[in-house]
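Structure below is run.pdb: PDB, C-alpha atoms.
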ATOM      1  CA  GLY X   1     105.955  48.398 140.093
ATOM      2  CA  GLU X   2     106.789  51.889 141.091
ATOM      3  CA  THR X   3     106.789  55.165 139.167
ATOM      4  CA  ARG X   4     109.507  57.817 139.478
ATOM      5  CA  THR X   5     109.587  61.342 138.091
ATOM      6  CA  PHE X   6     112.908  62.702 136.849
ATOM      7  CA  THR X   7     113.802  66.328 136.317
ATOM      8  CA  VAL X   8     116.162  67.408 133.540
ATOM      9  CA  ARG X   9     117.618  70.927 133.617
ATOM     10  CA  PHE X  10     118.448  72.763 130.384
ATOM     11  CA  SER X  11     121.137  75.435 130.942
ATOM     12  CA  PRO X  12     122.537  76.544 127.578
ATOM     13  CA  LEU X  13     125.577  78.800 127.404
ATOM     14  CA  ASP X  14     124.933  79.856 123.817
ATOM     15  CA  ALA X  15     122.015  80.461 121.466
ATOM     16  CA  ALA X  16     121.524  77.279 119.420
ATOM     17  CA  ASP X  17     119.535  74.083 118.951
ATOM     18  CA  PHE X  18     120.670  71.229 121.202
ATOM     19  CA  GLU X  19     120.054  67.491 121.120
ATOM     20  CA  HIS X  20     121.234  64.959 123.666
ATOM     21  CA  ARG X  21     120.626  61.340 124.577
ATOM     22  CA  LEU X  22     120.338  60.322 128.215
ATOM     23  CA  LYS X  23     121.038  56.764 129.357
ATOM     24  CA  CYS X  24     119.439  55.374 132.505
ATOM     25  CA  THR X  25     121.536  52.782 134.353
ATOM     26  CA  ILE X  26     119.641  50.449 136.696
ATOM     27  CA  PRO X  27     121.880  47.969 138.596
ATOM     28  CA  ASN X  28     119.151  45.294 139.141
ATOM     29  CA  LEU X  29     117.874  45.381 135.532
ATOM     30  CA  SER X  30     117.944  42.011 133.785
ATOM     31  CA  GLU X  31     120.756  41.718 131.250
ATOM     32  CA  ARG X  32     118.182  40.578 128.692
ATOM     33  CA  MET X  33     116.447  43.977 128.808
ATOM     34  CA  GLU X  34     117.539  46.759 126.501
ATOM     35  CA  PRO X  35     119.196  49.783 128.166
ATOM     36  CA  LEU X  36     116.862  52.737 128.716
ATOM     37  CA  PHE X  37     117.519  55.873 126.647
ATOM     38  CA  VAL X  38     115.643  59.163 126.429
ATOM     39  CA  ALA X  39     116.217  61.696 123.648
ATOM     40  CA  VAL X  40     115.972  65.322 124.770
ATOM     41  CA  SER X  41     116.221  68.518 122.766
ATOM     42  CA  GLY X  42     116.121  72.213 123.504
ATOM     43  CA  ARG X  43     116.433  75.568 121.785
ATOM     44  CA  SER X  44     117.895  78.661 123.326
ATOM     45  CA  LEU X  45     117.322  82.134 121.931
ATOM     46  CA  MET X  46     119.129  85.393 122.559
ATOM     47  CA  PRO X  47     117.894  88.887 121.743
ATOM     48  CA  TYR X  48     119.955  91.011 119.357
ATOM     49  CA  CYS X  49     119.703  93.912 121.757
ATOM     50  CA  HIS X  50     118.504  94.721 125.239
ATOM     51  CA  PHE X  51     117.576  98.130 126.638
ATOM     52  CA  GLU X  52     118.495  98.970 130.229
ATOM     53  CA  LEU X  53     115.509 101.098 131.256
ATOM     54  CA  GLU X  54     114.153 102.299 134.579
ATOM     55  CA  ASN X  55     111.016 100.424 135.611
ATOM     56  CA  SER X  56     107.727 102.250 135.076
ATOM     57  CA  ASP X  57     104.227 101.352 136.246
ATOM     58  CA  TYR X  58     102.596 103.634 133.660
ATOM     59  CA  LEU X  59     100.889 100.740 131.836
ATOM     60  CA  THR X  60     100.010  98.618 134.883
ATOM     61  CA  SER X  61      98.837 101.322 137.302
ATOM     62  CA  GLY X  62      95.930 102.602 135.215
ATOM     63  CA  ARG X  63      97.625 105.953 134.491
ATOM     64  CA  ARG X  64      97.533 105.348 130.720
ATOM     65  CA  ASN X  65      94.437 106.861 129.103
ATOM     66  CA  PRO X  66      92.373 103.857 127.908
ATOM     67  CA  GLU X  67      91.283 105.842 124.833
ATOM     68  CA  MET X  68      94.848 106.158 123.531
ATOM     69  CA  ARG X  69      95.809 104.138 120.460
ATOM     70  CA  GLY X  70      97.251 100.700 121.123
ATOM     71  CA  ALA X  71      99.250  98.138 119.160
ATOM     72  CA  SER X  72      96.574  97.868 116.443
ATOM     73  CA  GLY X  73      96.554 101.652 115.952
ATOM     74  CA  LEU X  74      92.926 101.869 117.071
ATOM     75  CA  PRO X  75      91.820 103.981 120.031
ATOM     76  CA  GLY X  76      91.200 101.870 123.118
ATOM     77  CA  SER X  77      93.171  98.866 121.869
ATOM     78  CA  SER X  78      95.628  97.157 124.174
ATOM     79  CA  VAL X  79      99.393  97.632 124.262
ATOM     80  CA  ASP X  80     101.819  94.744 123.771
ATOM     81  CA  PRO X  81     102.611  93.411 127.279
ATOM     82  CA  ASN X  82     106.344  93.554 126.471
ATOM     83  CA  THR X  83     106.176  97.327 125.924
ATOM     84  CA  ARG X  84     108.547  99.337 128.124
ATOM     85  CA  VAL X  85     107.881 102.996 128.926
ATOM     86  CA  ILE X  86     110.308 105.895 129.351
ATOM     87  CA  GLU X  87     108.556 108.624 131.339
ATOM     88  CA  PHE X  88     109.265 112.352 131.180
ATOM     89  CA  PHE X  89     107.951 114.802 133.787
ATOM     90  CA  ALA X  90     107.985 118.485 132.779
ATOM     91  CA  CYS X  91     106.972 121.455 134.863
ATOM     92  CA  GLY X  92     106.016 124.258 132.492
ATOM     93  CA  ILE X  93     106.907 124.742 128.854
ATOM     94  CA  ASN X  94     110.336 125.068 127.211
ATOM     95  CA  SER X  95     111.772 122.665 129.772
ATOM     96  CA  LYS X  96     114.500 120.323 128.589
ATOM     97  CA  ILE X  97     114.429 116.922 130.228
ATOM     98  CA  THR X  98     116.953 114.252 129.324
ATOM     99  CA  ARG X  99     116.604 110.523 129.898
ATOM    100  CA  ARG X 100     119.599 108.296 129.311
ATOM    101  CA  PHE X 101     119.534 104.541 128.791
ATOM    102  CA  TYR X 102     121.862 101.881 127.509
ATOM    103  CA  ILE X 103     121.508  99.538 124.575
ATOM    104  CA  VAL X 104     123.228  96.224 125.354
ATOM    105  CA  ASN X 105     124.542  93.877 122.661
ATOM    106  CA  PRO X 106     124.544  90.349 124.144
ATOM    107  CA  THR X 107     125.809  88.804 120.890
ATOM    108  CA  SER X 108     129.451  88.245 119.932
ATOM    109  CA  SER X 109     129.222  90.497 116.842
ATOM    110  CA  GLY X 110     129.053  94.276 116.753
ATOM    111  CA  TYR X 111     126.336  96.163 114.885
ATOM    112  CA  GLU X 112     125.295  99.666 113.897
ATOM    113  CA  PHE X 113     122.097 101.318 115.140
ATOM    114  CA  ASN X 114     120.070 104.251 113.850
ATOM    115  CA  TRP X 115     117.179 105.994 115.633
ATOM    116  CA  SER X 116     114.655 107.829 113.474
ATOM    117  CA  THR X 117     111.532 109.863 114.225
ATOM    118  CA  MET X 118     108.291 108.098 113.326
ATOM    119  CA  THR X 119     105.969 111.097 113.801
ATOM    120  CA  LYS X 120     104.987 113.529 111.069
ATOM    121  CA  GLN X 121     105.110 116.610 113.308
ATOM    122  CA  PRO X 122     107.054 119.543 111.844
ATOM    123  CA  ARG X 123     108.792 120.121 115.196
ATOM    124  CA  PRO X 124     108.800 116.912 117.276
ATOM    125  CA  GLN X 125     108.892 117.283 121.061
ATOM    126  CA  PHE X 126     111.351 114.369 121.385
ATOM    127  CA  LYS X 127     114.828 114.242 119.880
ATOM    128  CA  CYS X 128     117.393 111.472 120.225
ATOM    129  CA  LEU X 129     120.789 113.019 121.036
ATOM    130  CA  THR X 130     122.597 109.854 119.880
ATOM    131  CA  PRO X 131     120.824 109.173 116.573
ATOM    132  CA  ARG X 132     123.310 106.551 115.374
ATOM    133  CA  GLY X 133     126.229 104.565 116.593
ATOM    134  CA  HIS X 134     127.934 101.202 116.995
ATOM    135  CA  VAL X 135     127.613  98.616 119.759
ATOM    136  CA  ALA X 136     130.476  96.121 120.002
ATOM    137  CA  GLY X 137     129.677  92.494 120.738
ATOM    138  CA  GLY X 138     129.187  91.866 124.466
ATOM    139  CA  LYS X 139     129.213  95.614 125.223
ATOM    140  CA  LYS X 140     126.727  98.396 125.866
ATOM    141  CA  THR X 141     126.525 102.033 124.844
ATOM    142  CA  GLU X 142     124.433 105.044 125.841
TER     143      GLU X 142
END

Please express what this file holds, its structure, as structure tokens.
Amino acid sequence: GETRTFTVRFSPLDAADFEHRLKCTIPNLSERMEPLFVAVSGRSLMPYCHFELENSDYLTSGRRNPEMRGASGLPGSSVDPNTRVIEFFACGINSKITRRFYIVNPTSSGYEFNWSTMTKQPRPQFKCLTPRGHVAGGKKTE
């Protein structure tokens, strides 16, 4: 006998659960033997939104102060590896630096978004100039 390895590729075009049955046809197989079938299943997921951001090495280069609070809220704790960073470089005070990025809606349905400040500072240093809006399905907005 001989052993063969087969590769099956899963290339979904939509977010869903998929099930399929594969039949193996072998020309020399005895007619008395049952046909060979393999059940396969797969799940594809799609995010509700995607942010188009410039790449930053702030977390991976060692520039982040290790004593800063991390995901747990404790000083020195680690940051989620999926965290993306938007960097601002200011020279002096009272500078106004703007960073623009897109929010992409990969779904087929539109939705509303709302940015809010999570800090308790009386005068936050960061302000979102587009605090709310709508992203149509399959589109992006700034």

Inset, instruction - With the file shown as input, list the residues that the PyMOL selection byres ((chain X and resi 71-86) around 8) selects, as a PyMOL selection string. - result: chain X and resi 53-56+58-59+66-70+87-88+99

Excluding Ile26 in chain X and residues on its chain fewer than 2 positions from it, collect all residues at most 9 Å away from it, counting all atoms listed in the file, and give them as a short mmCIF file (atom, residue, chain, number, x, y, z; two decimals) with C-alpha atoms, keeping the file's coordinate frame.
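Result file part20.cif:
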data_model
loop_
_atom_site.label_atom_id
_atom_site.label_comp_id
_atom_site.auth_asym_id
_atom_site.auth_seq_id
_atom_site.Cartn_x
_atom_site.Cartn_y
_atom_site.Cartn_z
CA CYS X 24 119.44 55.37 132.50
CA ASN X 28 119.15 45.29 139.14
CA LEU X 29 117.87 45.38 135.53
CA PRO X 35 119.20 49.78 128.17
CA LEU X 36 116.86 52.74 128.72
#

Inset, instruction - Using the chain letters and numbering of this document, enumerate as a count of residues only the residues selected by the PyMOL selection byres ((chain X and resi 21) around 6). - result: 4

Legend entry - Gap from CA of Pro47 in chain X to CA of Thr141 in chain X - Å, one decimal: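 So the two atoms, CA of Pro47 in chain X and CA of Thr141 in chain X, lie 16.0 Å apart.
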
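Here CA of Cys49 in chain X stands at a distance of 21.0 Å from CA of Lys127 in chain X.
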
Legend entry - Hits of the PyMOL selection byres ((chain X and resi 19) around 6) in this structure, as an MDAnalysis selection string: chainID X and resid 18 20 40:41

Legend entry - Distance of CA of Glu52 in chain X from CA of Leu129 in chain X, expressed in Å to one decimal place: 16.9 Å

Grab all the atoms of range 2-8 of chain X that the file lists, wrap them in a box along x, y and z, add 3 Å per side, and give me centre plus edge lengths in Å (one decimal) as lines of an AutoDock Vina configuration file.
center_x = 111.5
center_y = 59.6
center_z = 137.3
size_x = 15.4
size_y = 21.5
size_z = 13.6

Legend entry - Which residue of X:Gly42, X:Asn94, X:Phe51, X:Trp115 approaches Arg9 in chain X most closely, using only C-alpha atoms: X:Gly42

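Closest approach to Phe10 in chain X among X:Ser116, X:Ser30, X:Lys23, X:Ser44 is made by X:Ser44 (distances from only C-alpha atoms).
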
Legend entry - Pick from X:Pro12, X:Gly138, X:Pro131, X:Pro124 nearest to Gly110 in chain X, counting only C-alpha atoms: X:Gly138

Inset, instruction - Identify which of the residues X:Ser95, X:Ser109, X:Thr7, X:Thr25 lies closest to Ala136 in chain X, counting all atoms listed in the file when measuring atom-to-atom distances. - result: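 Of the candidates, the smallest distance to Ala136 in chain X is held by X:Ser109.
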